[in-house]
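> This is work.csv (CSV, C-alpha atoms and all ligand atoms).
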chain,number,residue,atom,x,y,z
A,1,ASN,CA,-114.3,88.0,47.7
A,2,TYR,CA,-113.3,87.8,44.1
A,3,PHE,CA,-111.8,84.3,44.3
A,4,ARG,CA,-113.8,81.3,43.4
A,5,ASN,CA,-113.4,78.2,45.6
A,6,ASP,CA,-111.5,76.2,43.0
A,7,PHE,CA,-108.6,78.6,43.2
A,8,LYS,CA,-108.3,77.9,46.9
A,9,LYS,CA,-108.4,74.2,46.1
A,10,THR,CA,-105.7,74.6,43.5
A,11,LEU,CA,-103.5,76.3,46.0
A,12,LEU,CA,-103.9,73.6,48.6
A,13,ASN,CA,-103.5,70.8,46.1
A,14,VAL,CA,-100.3,72.3,44.7
A,15,HIS,CA,-98.8,72.6,48.1
A,16,GLU,CA,-100.1,69.2,49.3
A,17,ASP,CA,-98.8,67.5,46.2
A,18,ARG,CA,-95.4,69.0,46.7
A,19,ASP,CA,-94.9,68.2,50.3
A,20,ALA,CA,-97.2,65.1,50.7
A,21,LEU,CA,-97.8,66.3,54.2
A,22,PRO,CA,-101.0,66.6,56.2
A,23,ARG,CA,-102.8,69.9,55.7
A,24,ARG,CA,-101.9,71.2,59.2
A,25,SER,CA,-98.2,71.1,58.6
A,26,ILE,CA,-98.1,72.9,55.3
A,27,GLN,CA,-98.8,76.3,56.8
A,28,LYS,CA,-96.1,78.7,55.7
A,29,SER,CA,-95.0,82.1,56.7
A,30,ILE,CA,-95.1,84.0,53.4
A,31,LEU,CA,-93.8,87.5,52.6
A,32,VAL,CA,-95.6,89.4,49.8
A,33,THR,CA,-93.8,92.6,48.8
A,34,GLY,CA,-96.1,95.1,47.1
A,35,GLY,CA,-98.9,93.3,48.9
A,36,ALA,CA,-101.1,96.4,49.1
A,37,GLY,CA,-101.1,96.8,45.3
A,38,PHE,CA,-103.5,95.5,42.7
A,39,LEU,CA,-102.0,92.0,42.2
A,40,GLY,CA,-100.4,91.8,45.7
A,41,SER,CA,-103.7,92.3,47.5
A,42,HIS,CA,-105.3,89.5,45.6
A,43,LEU,CA,-102.4,87.2,46.2
A,44,CYS,CA,-102.4,88.0,50.0
A,45,GLU,CA,-106.1,87.2,50.1
A,46,LEU,CA,-105.7,83.8,48.4
A,47,LEU,CA,-102.7,82.8,50.6
A,48,LEU,CA,-104.6,83.8,53.7
A,49,SER,CA,-107.7,81.9,52.7
A,50,ALA,CA,-105.6,78.8,52.2
A,51,GLY,CA,-104.4,79.1,55.9
A,52,HIS,CA,-101.0,80.6,55.5
A,53,GLU,CA,-99.4,83.4,57.6
A,54,VAL,CA,-99.0,86.4,55.3
A,55,ILE,CA,-96.7,89.4,55.8
A,56,CYS,CA,-97.7,92.2,53.4
A,57,LEU,CA,-94.8,94.6,53.0
A,58,ASP,CA,-95.4,97.8,51.1
A,59,ASN,CA,-94.2,101.4,50.8
A,60,PHE,CA,-97.7,102.5,49.8
A,61,SER,CA,-96.4,104.5,46.8
A,62,THR,CA,-99.1,103.1,44.5
A,63,GLY,CA,-100.7,100.6,46.8
A,64,LEU,CA,-103.8,101.4,48.8
A,65,ARG,CA,-104.7,100.6,52.4
A,66,ARG,CA,-108.3,100.0,51.3
A,67,ASN,CA,-107.1,97.0,49.2
A,68,ILE,CA,-105.9,95.2,52.3
A,69,ALA,CA,-108.3,96.5,54.9
A,70,PRO,CA,-110.7,93.5,54.6
A,71,LEU,CA,-107.7,91.1,55.2
A,72,LYS,CA,-107.3,92.4,58.7
A,73,ARG,CA,-110.0,90.0,59.8
A,74,TYR,CA,-107.3,87.2,59.5
A,75,ASP,CA,-105.2,87.0,62.7
A,76,THR,CA,-102.5,85.5,60.4
A,77,PHE,CA,-102.1,88.8,58.5
A,78,ARG,CA,-99.4,91.4,59.2
A,79,VAL,CA,-98.7,94.6,57.4
A,80,ILE,CA,-95.2,96.2,57.4
A,81,ALA,CA,-94.7,99.7,55.9
A,82,HIS,CA,-91.2,99.4,54.4
A,83,ASP,CA,-89.4,100.2,51.2
A,84,ILE,CA,-87.5,97.2,49.7
A,85,VAL,CA,-84.7,99.5,48.7
A,86,ASP,CA,-83.7,99.2,52.4
A,87,PRO,CA,-82.6,95.8,53.7
A,88,ILE,CA,-85.0,93.9,56.0
A,89,ASP,CA,-84.8,90.7,58.0
A,90,LEU,CA,-87.8,88.6,58.7
A,91,GLU,CA,-88.5,84.9,59.4
A,92,VAL,CA,-90.2,83.6,56.3
A,93,ASP,CA,-90.5,80.4,54.3
A,94,GLU,CA,-91.5,82.0,51.0
A,95,ILE,CA,-91.2,85.4,49.4
A,96,TYR,CA,-93.3,86.8,46.5
A,97,ASN,CA,-91.6,89.9,45.2
A,98,LEU,CA,-94.3,92.1,43.6
A,99,ALA,CA,-93.1,95.5,44.8
A,100,CYS,CA,-92.7,97.9,41.9
A,101,PRO,CA,-95.0,100.4,40.3
A,102,ALA,CA,-96.4,98.7,37.1
A,103,SER,CA,-98.3,101.5,35.3
A,104,PRO,CA,-96.1,103.5,32.8
A,105,PRO,CA,-97.1,106.9,34.3
A,106,HIS,CA,-96.3,105.6,37.8
A,107,TYR,CA,-93.0,103.9,37.1
A,108,GLN,CA,-91.9,106.9,34.9
A,109,ALA,CA,-92.8,109.5,37.6
A,110,ASP,CA,-89.6,108.6,39.6
A,111,PRO,CA,-87.5,106.5,37.2
A,112,ILE,CA,-84.4,106.3,39.5
A,113,GLN,CA,-86.6,104.9,42.3
A,114,THR,CA,-88.1,102.4,39.9
A,115,THR,CA,-84.6,101.1,38.9
A,116,LYS,CA,-83.6,101.0,42.5
A,117,THR,CA,-86.7,99.1,43.5
A,118,CYS,CA,-86.1,96.5,40.7
A,119,VAL,CA,-82.4,96.1,41.3
A,120,ILE,CA,-81.5,97.0,44.9
A,121,GLY,CA,-84.9,95.8,46.1
A,122,SER,CA,-84.4,92.4,44.4
A,123,LEU,CA,-80.9,92.2,45.9
A,124,ASN,CA,-82.2,92.8,49.4
A,125,LEU,CA,-84.9,90.2,49.0
A,126,LEU,CA,-82.5,87.6,47.5
A,127,ASP,CA,-80.2,88.2,50.5
A,128,LEU,CA,-83.1,87.6,52.8
A,129,ALA,CA,-84.0,84.4,50.9
A,130,ALA,CA,-80.4,83.2,51.0
A,131,ARG,CA,-80.2,83.9,54.8
A,132,ARG,CA,-83.5,82.2,55.6
A,133,GLY,CA,-83.4,79.4,53.1
A,134,ALA,CA,-86.7,80.8,51.6
A,135,ARG,CA,-88.0,80.1,48.1
A,136,ILE,CA,-88.4,83.4,46.2
A,137,PHE,CA,-90.7,84.4,43.4
A,138,GLN,CA,-90.1,87.4,41.1
A,139,ALA,CA,-92.9,89.2,39.3
A,140,SER,CA,-91.1,89.9,36.0
A,141,THR,CA,-92.9,91.2,33.0
A,142,SER,CA,-93.6,91.0,29.2
A,143,GLU,CA,-91.6,94.2,29.0
A,144,ILE,CA,-88.5,92.0,29.1
A,145,TYR,CA,-89.4,91.5,25.4
A,146,GLY,CA,-89.6,95.3,24.8
A,147,ASP,CA,-91.1,96.1,21.4
A,148,PRO,CA,-91.0,92.5,20.3
A,149,GLN,CA,-89.9,91.4,16.8
A,150,VAL,CA,-90.9,87.8,17.6
A,151,HIS,CA,-94.7,87.2,17.8
A,152,PRO,CA,-96.2,85.6,19.9
A,153,GLN,CA,-93.5,86.0,22.6
A,154,VAL,CA,-91.8,82.8,23.8
A,155,GLU,CA,-89.5,82.7,26.9
A,156,SER,CA,-86.5,81.9,24.7
A,157,TYR,CA,-86.8,85.3,22.9
A,158,TRP,CA,-84.2,87.8,24.2
A,159,GLY,CA,-86.3,90.9,23.4
A,160,ASN,CA,-85.9,94.3,21.8
A,161,VAL,CA,-85.4,96.9,24.5
A,162,ASN,CA,-84.2,100.5,24.5
A,163,SER,CA,-81.7,101.1,27.3
A,164,PHE,CA,-82.3,104.8,27.8
A,165,GLY,CA,-85.9,105.6,26.8
A,166,PRO,CA,-88.8,106.5,29.2
A,167,ARG,CA,-89.7,102.8,29.7
A,168,SER,CA,-86.1,101.7,30.4
A,169,CYS,CA,-86.1,102.2,34.1
A,170,TYR,CA,-88.7,99.5,34.3
A,171,ASP,CA,-87.7,97.3,31.4
A,172,GLU,CA,-84.0,97.2,32.2
A,173,GLY,CA,-84.6,97.1,36.0
A,174,LYS,CA,-86.7,94.0,35.5
A,175,ARG,CA,-84.2,92.5,33.2
A,176,CYS,CA,-81.4,93.0,35.7
A,177,ALA,CA,-83.6,91.6,38.4
A,178,GLU,CA,-84.0,88.4,36.4
A,179,THR,CA,-80.2,88.2,36.1
A,180,LEU,CA,-79.8,88.6,39.8
A,181,PHE,CA,-82.4,85.8,40.5
A,182,PHE,CA,-80.5,83.4,38.2
A,183,ASP,CA,-77.1,84.3,39.7
A,184,TYR,CA,-78.3,83.9,43.3
A,185,GLN,CA,-79.6,80.5,42.3
A,186,LYS,CA,-76.2,79.6,40.8
A,187,VAL,CA,-73.9,81.2,43.4
A,188,HIS,CA,-76.0,80.7,46.6
A,189,GLY,CA,-78.3,77.9,45.8
A,190,VAL,CA,-81.4,80.0,46.4
A,191,GLU,CA,-84.7,78.4,45.0
A,192,THR,CA,-86.0,81.0,42.6
A,193,LYS,CA,-89.1,81.3,40.4
A,194,ILE,CA,-89.6,83.9,37.7
A,195,VAL,CA,-92.9,84.7,36.1
A,196,ARG,CA,-93.2,87.1,33.1
A,197,ILE,CA,-96.6,88.7,33.5
A,198,PHE,CA,-98.6,90.0,30.5
A,199,ASN,CA,-101.1,92.9,30.8
A,200,THR,CA,-103.4,91.9,33.7
A,201,TYR,CA,-106.5,93.8,34.9
A,202,GLY,CA,-109.3,93.5,37.4
A,203,PRO,CA,-110.9,94.8,40.6
A,204,ARG,CA,-108.6,96.8,42.9
A,205,MET,CA,-106.7,98.6,40.2
A,206,ARG,CA,-106.6,102.3,41.1
A,207,PRO,CA,-109.1,104.5,39.2
A,208,ASP,CA,-106.1,106.8,38.5
A,209,ASP,CA,-103.7,103.9,37.7
A,210,GLY,CA,-103.2,105.1,34.2
A,211,ARG,CA,-103.2,101.7,32.4
A,212,VAL,CA,-105.5,101.2,29.5
A,213,VAL,CA,-108.2,99.0,31.0
A,214,SER,CA,-108.8,101.1,34.1
A,215,ASN,CA,-108.6,104.4,32.1
A,216,PHE,CA,-111.2,103.2,29.5
A,217,ILE,CA,-113.6,101.9,32.1
A,218,VAL,CA,-113.4,105.0,34.4
A,219,GLN,CA,-113.8,107.3,31.3
A,220,ALA,CA,-116.7,105.3,30.0
A,221,LEU,CA,-118.5,105.2,33.4
A,222,LYS,CA,-118.0,109.0,33.9
A,223,GLY,CA,-119.1,109.8,30.3
A,224,GLU,CA,-115.7,111.3,29.6
A,225,ASN,CA,-113.8,111.0,26.3
A,226,ILE,CA,-112.0,107.6,25.8
A,227,THR,CA,-108.4,108.3,25.2
A,228,ILE,CA,-106.8,106.1,22.5
A,229,TYR,CA,-103.0,106.7,22.2
A,230,GLY,CA,-102.0,106.5,18.5
A,231,ASP,CA,-104.4,105.0,16.0
A,232,GLY,CA,-105.5,102.1,18.3
A,233,SER,CA,-104.0,99.4,16.1
A,234,GLN,CA,-101.4,98.4,18.6
A,235,THR,CA,-102.3,95.1,20.4
A,236,ARG,CA,-102.2,93.7,23.9
A,237,SER,CA,-103.5,90.4,25.4
A,238,PHE,CA,-105.5,91.0,28.6
A,239,CYS,CA,-105.5,88.5,31.5
A,240,PHE,CA,-108.0,88.6,34.3
A,241,VAL,CA,-106.5,88.8,37.8
A,242,ASP,CA,-107.9,85.6,39.2
A,243,ASP,CA,-106.4,83.6,36.4
A,244,LEU,CA,-103.0,85.2,36.9
A,245,ILE,CA,-102.9,84.6,40.7
A,246,ASP,CA,-103.8,81.0,40.2
A,247,GLY,CA,-100.7,80.7,37.9
A,248,PHE,CA,-98.5,82.4,40.6
A,249,VAL,CA,-99.3,79.8,43.2
A,250,ARG,CA,-98.9,76.9,40.8
A,251,LEU,CA,-95.5,78.1,39.8
A,252,MET,CA,-94.4,78.7,43.5
A,253,GLY,CA,-95.6,75.2,44.3
A,254,SER,CA,-93.9,73.5,41.4
A,255,PRO,CA,-90.7,71.4,41.6
A,256,ALA,CA,-87.5,73.4,42.3
A,257,SER,CA,-86.1,72.6,38.8
A,258,LEU,CA,-88.8,74.8,37.2
A,259,THR,CA,-87.1,78.1,37.8
A,260,GLY,CA,-88.7,79.9,34.8
A,261,PRO,CA,-89.0,82.4,33.3
A,262,VAL,CA,-92.5,81.3,32.6
A,263,ASN,CA,-95.0,83.5,30.6
A,264,LEU,CA,-98.4,84.0,32.2
A,265,GLY,CA,-101.0,85.9,30.4
A,266,ASN,CA,-104.1,85.5,28.3
A,267,PRO,CA,-103.2,84.6,24.7
A,268,THR,CA,-106.2,86.2,23.1
A,269,GLU,CA,-105.0,89.4,21.4
A,270,PHE,CA,-107.0,92.6,20.9
A,271,THR,CA,-106.2,95.9,19.3
A,272,ILE,CA,-106.6,98.9,21.7
A,273,GLY,CA,-109.4,100.1,19.4
A,274,GLU,CA,-111.3,96.8,19.9
A,275,LEU,CA,-110.8,97.1,23.7
A,276,ALA,CA,-112.3,100.6,23.6
A,277,ASP,CA,-115.4,99.4,21.6
A,278,GLU,CA,-115.9,96.5,24.1
A,279,VAL,CA,-115.8,98.8,27.1
A,280,ILE,CA,-118.2,101.2,25.5
A,281,ARG,CA,-120.6,98.2,24.6
A,282,LEU,CA,-120.4,96.7,28.1
A,283,THR,CA,-120.9,100.1,29.9
A,284,ASN,CA,-123.6,101.3,27.5
A,285,SER,CA,-121.6,104.5,27.6
A,286,ARG,CA,-122.1,107.6,25.4
A,287,SER,CA,-118.4,108.5,25.7
A,288,LYS,CA,-116.6,109.5,22.5
A,289,ILE,CA,-113.3,108.2,21.4
A,290,VAL,CA,-110.5,110.7,21.1
A,291,ARG,CA,-106.9,110.1,19.8
A,292,LEU,CA,-103.8,111.3,21.6
A,293,PRO,CA,-100.2,110.9,20.7
A,294,LEU,CA,-98.7,107.5,21.0
A,295,PRO,CA,-96.1,107.4,23.9
A,296,VAL,CA,-92.4,106.9,23.0
A,297,ASP,CA,-91.3,103.2,22.6
A,298,ASP,CA,-94.9,102.0,23.0
A,299,PRO,CA,-94.8,98.3,22.0
A,300,ARG,CA,-96.7,97.6,18.8
A,301,GLN,CA,-97.9,94.1,19.5
A,302,ARG,CA,-97.9,91.7,22.5
A,303,ARG,CA,-99.2,88.2,23.0
A,304,PRO,CA,-97.8,85.5,25.2
A,305,ASP,CA,-96.9,82.0,24.1
A,306,ILE,CA,-98.1,80.1,27.1
A,307,SER,CA,-97.1,76.5,26.0
A,308,LEU,CA,-94.6,76.3,28.9
A,309,ALA,CA,-97.1,77.2,31.6
A,310,THR,CA,-99.7,74.9,30.1
A,311,LYS,CA,-97.3,72.0,29.9
A,312,GLU,CA,-95.5,72.4,33.3
A,313,LEU,CA,-98.2,73.9,35.4
A,314,GLY,CA,-101.4,72.7,33.7
A,315,TRP,CA,-102.3,76.4,33.6
A,316,ARG,CA,-104.4,78.3,31.1
A,317,PRO,CA,-106.7,81.3,31.6
A,318,LYS,CA,-110.4,80.6,32.1
A,319,VAL,CA,-111.9,84.1,32.1
A,320,ASN,CA,-112.5,85.8,28.7
A,321,LEU,CA,-112.3,89.5,28.1
A,322,ALA,CA,-116.1,90.2,28.3
A,323,GLU,CA,-116.5,88.3,31.6
A,324,GLY,CA,-113.4,89.9,33.2
A,325,LEU,CA,-114.4,93.4,32.0
A,326,ALA,CA,-117.9,93.0,33.4
A,327,GLN,CA,-116.5,92.1,36.8
A,328,THR,CA,-114.1,95.0,36.6
A,329,ILE,CA,-116.8,97.5,35.5
A,330,ARG,CA,-118.9,96.4,38.5
A,331,TYR,CA,-115.9,97.1,40.8
A,332,PHE,CA,-115.2,100.6,39.4
A,333,ASP,CA,-118.9,101.4,39.4
A,334,GLY,CA,-118.9,100.8,43.2
A,335,VAL,CA,-115.7,102.8,43.8
A,336,LEU,CA,-117.0,105.8,41.7
A,337,SER,CA,-120.4,105.8,43.3
A,338,ARG,CA,-118.9,105.7,46.8
A,339,SER,CA,-116.6,108.6,46.0
A,340,THR,CA,-119.5,110.6,44.6
A,341,ARG,CA,-121.5,110.0,47.8
A,342,GLU,CA,-118.6,110.9,50.0
A,343,ASN,CA,-118.0,114.2,48.0
A,344,ALA,CA,-121.7,115.0,48.4
A,345,GLU,CA,-121.7,114.5,52.2
A,401,LIG,P1,-99.3,98.1,41.6
A,401,LIG,O1,-98.7,99.5,41.3
A,401,LIG,O2,-100.8,98.1,41.9
A,401,LIG,O3,-98.6,97.4,42.9
A,401,LIG,C1,-97.2,97.6,43.2
A,401,LIG,C2,-97.1,97.6,44.7
A,401,LIG,O4,-95.7,97.8,45.1
A,401,LIG,C3,-97.8,98.8,45.3
A,401,LIG,O5,-98.5,98.4,46.4
A,401,LIG,C4,-96.7,99.8,45.7
A,401,LIG,O6,-97.0,100.6,46.8
A,401,LIG,C5,-95.6,98.8,46.0
A,401,LIG,N1,-94.2,99.3,45.9
A,401,LIG,C6,-93.7,100.0,44.8
A,401,LIG,N2,-92.4,100.2,45.1
A,401,LIG,C7,-92.1,99.7,46.3
A,401,LIG,C8,-90.9,99.7,47.1
A,401,LIG,N3,-89.7,100.2,46.7
A,401,LIG,N4,-90.9,99.1,48.3
A,401,LIG,C9,-92.1,98.5,48.8
A,401,LIG,N5,-93.2,98.5,48.0
A,401,LIG,C10,-93.2,99.1,46.8
A,401,LIG,O7,-99.0,97.2,40.4
A,401,LIG,P2,-99.4,95.7,40.1
A,401,LIG,O8,-100.1,95.7,38.8
A,401,LIG,O9,-100.1,95.1,41.3
A,401,LIG,O10,-98.0,95.0,39.8
A,401,LIG,C11,-97.4,94.2,40.8
A,401,LIG,C12,-96.1,93.6,40.2
A,401,LIG,O11,-96.4,92.8,39.1
A,401,LIG,C13,-95.1,94.6,39.9
A,401,LIG,O12,-93.8,94.1,40.2
A,401,LIG,C14,-95.2,94.7,38.3
A,401,LIG,O13,-94.0,95.0,37.7
A,401,LIG,C15,-95.6,93.3,38.0
A,401,LIG,N6,-96.4,93.2,36.7
A,401,LIG,C16,-97.7,93.5,36.7
A,401,LIG,C17,-98.3,93.5,35.5
A,401,LIG,C18,-99.8,93.8,35.3
A,401,LIG,O14,-100.3,93.8,34.2
A,401,LIG,N7,-100.5,94.1,36.4
A,401,LIG,C19,-97.7,93.2,34.3
A,401,LIG,C20,-96.3,92.9,34.4
A,401,LIG,C21,-95.7,92.9,35.6
A,402,LIG,N1,-103.3,103.3,26.1
A,402,LIG,C1,-104.3,104.0,25.4
A,402,LIG,N2,-105.0,104.8,26.2
A,402,LIG,C2,-104.8,105.0,27.6
A,402,LIG,C3,-103.8,104.2,28.2
A,402,LIG,C4,-103.1,103.4,27.4
A,402,LIG,O1,-104.5,103.9,24.2
A,402,LIG,O2,-105.6,105.7,28.2
A,402,LIG,C5,-102.5,102.3,25.2
A,402,LIG,C6,-101.0,102.4,25.4
A,402,LIG,O3,-100.4,103.4,24.6
A,402,LIG,C7,-100.5,101.0,25.0
A,402,LIG,C8,-101.7,100.2,25.5
A,402,LIG,O4,-102.8,101.0,25.6
A,402,LIG,O5,-100.4,100.9,23.6
A,402,LIG,C9,-101.5,99.5,26.8
A,402,LIG,O6,-101.0,100.5,27.7
A,402,LIG,P1,-100.8,100.2,29.3
A,402,LIG,O7,-100.3,101.4,29.9
A,402,LIG,O8,-102.1,99.6,29.9
A,402,LIG,O9,-99.8,99.0,29.4
A,402,LIG,P2,-98.4,98.7,28.6
A,402,LIG,O10,-98.1,99.8,27.6
A,402,LIG,O11,-97.4,98.7,29.7
A,402,LIG,O12,-98.7,97.4,28.0
Output the structure of this file as structure tokens.


Amino acid sequence: NYFRNDFKKTLLNVHEDRDALPRRSIQKSILVTGGAGFLGSHLCELLLSAGHEVICLDNFSTGLRRNIAPLKRYDTFRVIAHDIVDPIDLEVDEIYNLACPASPPHYQADPIQTTKTCVIGSLNLLDLAARRGARIFQASTSEIYGDPQVHPQVESYWGNVNSFGPRSCYDEGKRCAETLFFDYQKVHGVETKIVRIFNTYGPRMRPDDGRVVSNFIVQALKGENITIYGDGSQTRSFCFVDDLIDGFVRLMGSPASLTGPVNLGNPTEFTIGELADEVIRLTNSRSKIVRLPLPVDDPRQRRPDISLATKELGWRPKVNLAEGLAQTIRYFDGVLSRSTRENAE
């Protein structure tokens, strides 16, 4: 269990404050799409531990059954194998829409399916929210800002996005999803919440996820070359998963008037070269750094301005990069040792 008890307390407090009802009557039926993925499985775990009924819906394209296997111990947990591109009807009070591949190699592998997931998937879930009177949360992204010309990125910045490059299926899909969320709120009165997530890492990422933190850790632990794309001077700001999920439930439990978009991420910025050095230091690895070509449209710099989240949600990240990486390294060490043992048997 990666959650500390104070996260559970936060969740209960946020919901209790909102409804001012006794603990017993605040139980909700909550749909988490993409619930078998990296972020989704942590969110399901937190909601279940707070006593809610959770329906995890996933097409298992990048999600893993092993991420949610331990959650089967809750009799309030249900899993539905389904693709959000197809409509669905369920009785729910709240919806967290996390379904969508997040790693560039994964979302680019089938770009049309990625756009469909963002756009048609969001439409289907917004229809469900409108039908059931459910509050709905969208996992949007810092990619809304594209390769940003404003730094750090504030929610009021409109972004700098290519409409037909390799990242566009994701960036434009997520931008259109934000438009749909706002229009369902205006036209149908649906209660919507949008969070723009900045690079988040932690246990339960796939070893073959392809994003930078998991790539570097797996390479370092295996003693393979560490692959820096470009000269490593591009920057990202890395948020540990526990901090992010705490922000999710704070936003979902906030007054209806706070629709977002709200940036959530860790505002401490690192170059990719610095990240590689830190991973090598923490793993004591003998891996060498190699340089590979920089992918097309790779954003040069990224750092969230989190003033809005701090002011409205009382949220700020607590876990620094070294602590978060140490926990993530322990997780991958366990996964890699298990797979080595299984291969030997
Ligand atoms: P992930 O790939 O681990 O999880 C995505 C989950 O969605 C997987 O379980 C996958 O099987 C499922 N899925 C994909 N398409 C689906 C579909 N059409 N129908 C049903 N299920 C589908 O990625 P993650 O890092 O956990 O990201 C979760 C969400 O957060 C995504 O929407 C992503 O865009 C967003 N996000 C994440 C980050 C981050 O740094 N982790 C940053 C910005 C935004
Ligand atoms: N990156 C890298 N080596 C890798 C994977 C990624 O240097 O093995 C770089 C990538 O080019 C980008 C940054 O790390 O500049 C973050 O990439 P990631 O795919 O994690 O997320 P995103 O680009 O979506 O922020």

> May I ask you to write as a short mmCIF file (atom, residue, chain, number, x, y, z; two decimals) with C-alpha atoms, in the frame of the given file all residues lying at most 8 Å from ligand LIG 401 (chain A), with all atoms listed in the file counted?


data_model
loop_
_atom_site.label_atom_id
_atom_site.label_comp_id
_atom_site.auth_asym_id
_atom_site.auth_seq_id
_atom_site.Cartn_x
_atom_site.Cartn_y
_atom_site.Cartn_z
CA THR A 33 -93.80 92.60 48.80
CA GLY A 34 -96.10 95.10 47.10
CA GLY A 35 -98.90 93.30 48.90
CA ALA A 36 -101.10 96.40 49.10
CA GLY A 37 -101.10 96.80 45.30
CA PHE A 38 -103.50 95.50 42.70
CA LEU A 39 -102.00 92.00 42.20
CA GLY A 40 -100.40 91.80 45.70
CA SER A 41 -103.70 92.30 47.50
CA LEU A 57 -94.80 94.60 53.00
CA ASP A 58 -95.40 97.80 51.10
CA ASN A 59 -94.20 101.40 50.80
CA PHE A 60 -97.70 102.50 49.80
CA SER A 61 -96.40 104.50 46.80
CA THR A 62 -99.10 103.10 44.50
CA GLY A 63 -100.70 100.60 46.80
CA LEU A 64 -103.80 101.40 48.80
CA ALA A 81 -94.70 99.70 55.90
CA HIS A 82 -91.20 99.40 54.40
CA ASP A 83 -89.40 100.20 51.20
CA ILE A 84 -87.50 97.20 49.70
CA VAL A 85 -84.70 99.50 48.70
CA ASN A 97 -91.60 89.90 45.20
CA LEU A 98 -94.30 92.10 43.60
CA ALA A 99 -93.10 95.50 44.80
CA CYS A 100 -92.70 97.90 41.90
CA PRO A 101 -95.00 100.40 40.30
CA ALA A 102 -96.40 98.70 37.10
CA SER A 103 -98.30 101.50 35.30
CA HIS A 106 -96.30 105.60 37.80
CA GLN A 113 -86.60 104.90 42.30
CA THR A 114 -88.10 102.40 39.90
CA LYS A 116 -83.60 101.00 42.50
CA THR A 117 -86.70 99.10 43.50
CA CYS A 118 -86.10 96.50 40.70
CA GLY A 121 -84.90 95.80 46.10
CA GLN A 138 -90.10 87.40 41.10
CA ALA A 139 -92.90 89.20 39.30
CA SER A 140 -91.10 89.90 36.00
CA THR A 141 -92.90 91.20 33.00
CA SER A 142 -93.60 91.00 29.20
CA GLU A 143 -91.60 94.20 29.00
CA TYR A 170 -88.70 99.50 34.30
CA LYS A 174 -86.70 94.00 35.50
CA ARG A 196 -93.20 87.10 33.10
CA ILE A 197 -96.60 88.70 33.50
CA PHE A 198 -98.60 90.00 30.50
CA ASN A 199 -101.10 92.90 30.80
CA THR A 200 -103.40 91.90 33.70
CA TYR A 201 -106.50 93.80 34.90
CA ARG A 204 -108.60 96.80 42.90
CA MET A 205 -106.70 98.60 40.20
CA ARG A 206 -106.60 102.30 41.10
CA ASP A 209 -103.70 103.90 37.70
CA CYS A 239 -105.50 88.50 31.50
#

> Compile a residue-level contact table for segment 157-249 of chain A against segment 276-285 of chain A at a cut-off of 9 Å, reporting for every qualifying residue the shortest atom pair and its distance in Å to one decimal, with only C-alpha atoms counted, rows ordered by chain and ascending number, as JSON lines.


{"residue": "A:Val213", "atom": "CA", "partner": "A:Val279", "partner_atom": "CA", "distance": 8.5}
{"residue": "A:Phe216", "atom": "CA", "partner": "A:Ala276", "partner_atom": "CA", "distance": 6.5}
{"residue": "A:Ile217", "atom": "CA", "partner": "A:Val279", "partner_atom": "CA", "distance": 6.3}
{"residue": "A:Ala220", "atom": "CA", "partner": "A:Ser285", "partner_atom": "CA", "distance": 5.5}
{"residue": "A:Leu221", "atom": "CA", "partner": "A:Ser285", "partner_atom": "CA", "distance": 6.6}
{"residue": "A:Lys222", "atom": "CA", "partner": "A:Ser285", "partner_atom": "CA", "distance": 8.5}
{"residue": "A:Gly223", "atom": "CA", "partner": "A:Ser285", "partner_atom": "CA", "distance": 6.5}
{"residue": "A:Ile226", "atom": "CA", "partner": "A:Ala276", "partner_atom": "CA", "distance": 7.3}
{"residue": "A:Thr227", "atom": "CA", "partner": "A:Ala276", "partner_atom": "CA", "distance": 8.8}
{"residue": "A:Ile228", "atom": "CA", "partner": "A:Ala276", "partner_atom": "CA", "distance": 7.9}
{"residue": "A:Gly232", "atom": "CA", "partner": "A:Ala276", "partner_atom": "CA", "distance": 8.8}

> Give me the residues near segment 156-160 of chain A as a ChimeraX atom specification, where near means some atom within 10 Å (using all atoms listed in the file) and where sequence neighbours in that chain fewer than 4 positions away do not count.

/A:142-152,261-262,299

> Residues as selected, C-alpha atoms, written as a PDB file, in the coordinates of the input, can you do that?


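The result, written out as part_19.pdb:
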ATOM      1  CA  SER A 142     -93.600  91.000  29.200  1.00  0.00           C
ATOM      2  CA  GLU A 143     -91.600  94.200  29.000  1.00  0.00           C
ATOM      3  CA  ILE A 144     -88.500  92.000  29.100  1.00  0.00           C
ATOM      4  CA  TYR A 145     -89.400  91.500  25.400  1.00  0.00           C
ATOM      5  CA  GLY A 146     -89.600  95.300  24.800  1.00  0.00           C
ATOM      6  CA  ASP A 147     -91.100  96.100  21.400  1.00  0.00           C
ATOM      7  CA  PRO A 148     -91.000  92.500  20.300  1.00  0.00           C
ATOM      8  CA  GLN A 149     -89.900  91.400  16.800  1.00  0.00           C
ATOM      9  CA  VAL A 150     -90.900  87.800  17.600  1.00  0.00           C
ATOM     10  CA  HIS A 151     -94.700  87.200  17.800  1.00  0.00           C
ATOM     11  CA  PRO A 152     -96.200  85.600  19.900  1.00  0.00           C
ATOM     12  CA  PRO A 261     -89.000  82.400  33.300  1.00  0.00           C
ATOM     13  CA  VAL A 262     -92.500  81.300  32.600  1.00  0.00           C
ATOM     14  CA  PRO A 299     -94.800  98.300  22.000  1.00  0.00           C
TER      15      PRO A 299
END

> Throw together the list of residues within 6 Å of ligand LIG 402 (chain A), counting all atoms listed in the file, and drop it here as a list in words.

Ser103, Pro104, Asn199, Arg211, Val212, Asn215, Thr227, Ile228, Tyr229, Gln234, Ile272, Leu294, Pro295 and Asp298 of chain A

> Quick one: of A:Asp297, A:Gly202, A:Arg66, A:Gly165, who's nearest to Leu325 of chain A, counting all atoms listed in the file?

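That would be A:Gly202, the residue with the smallest distance to Leu325 of chain A.
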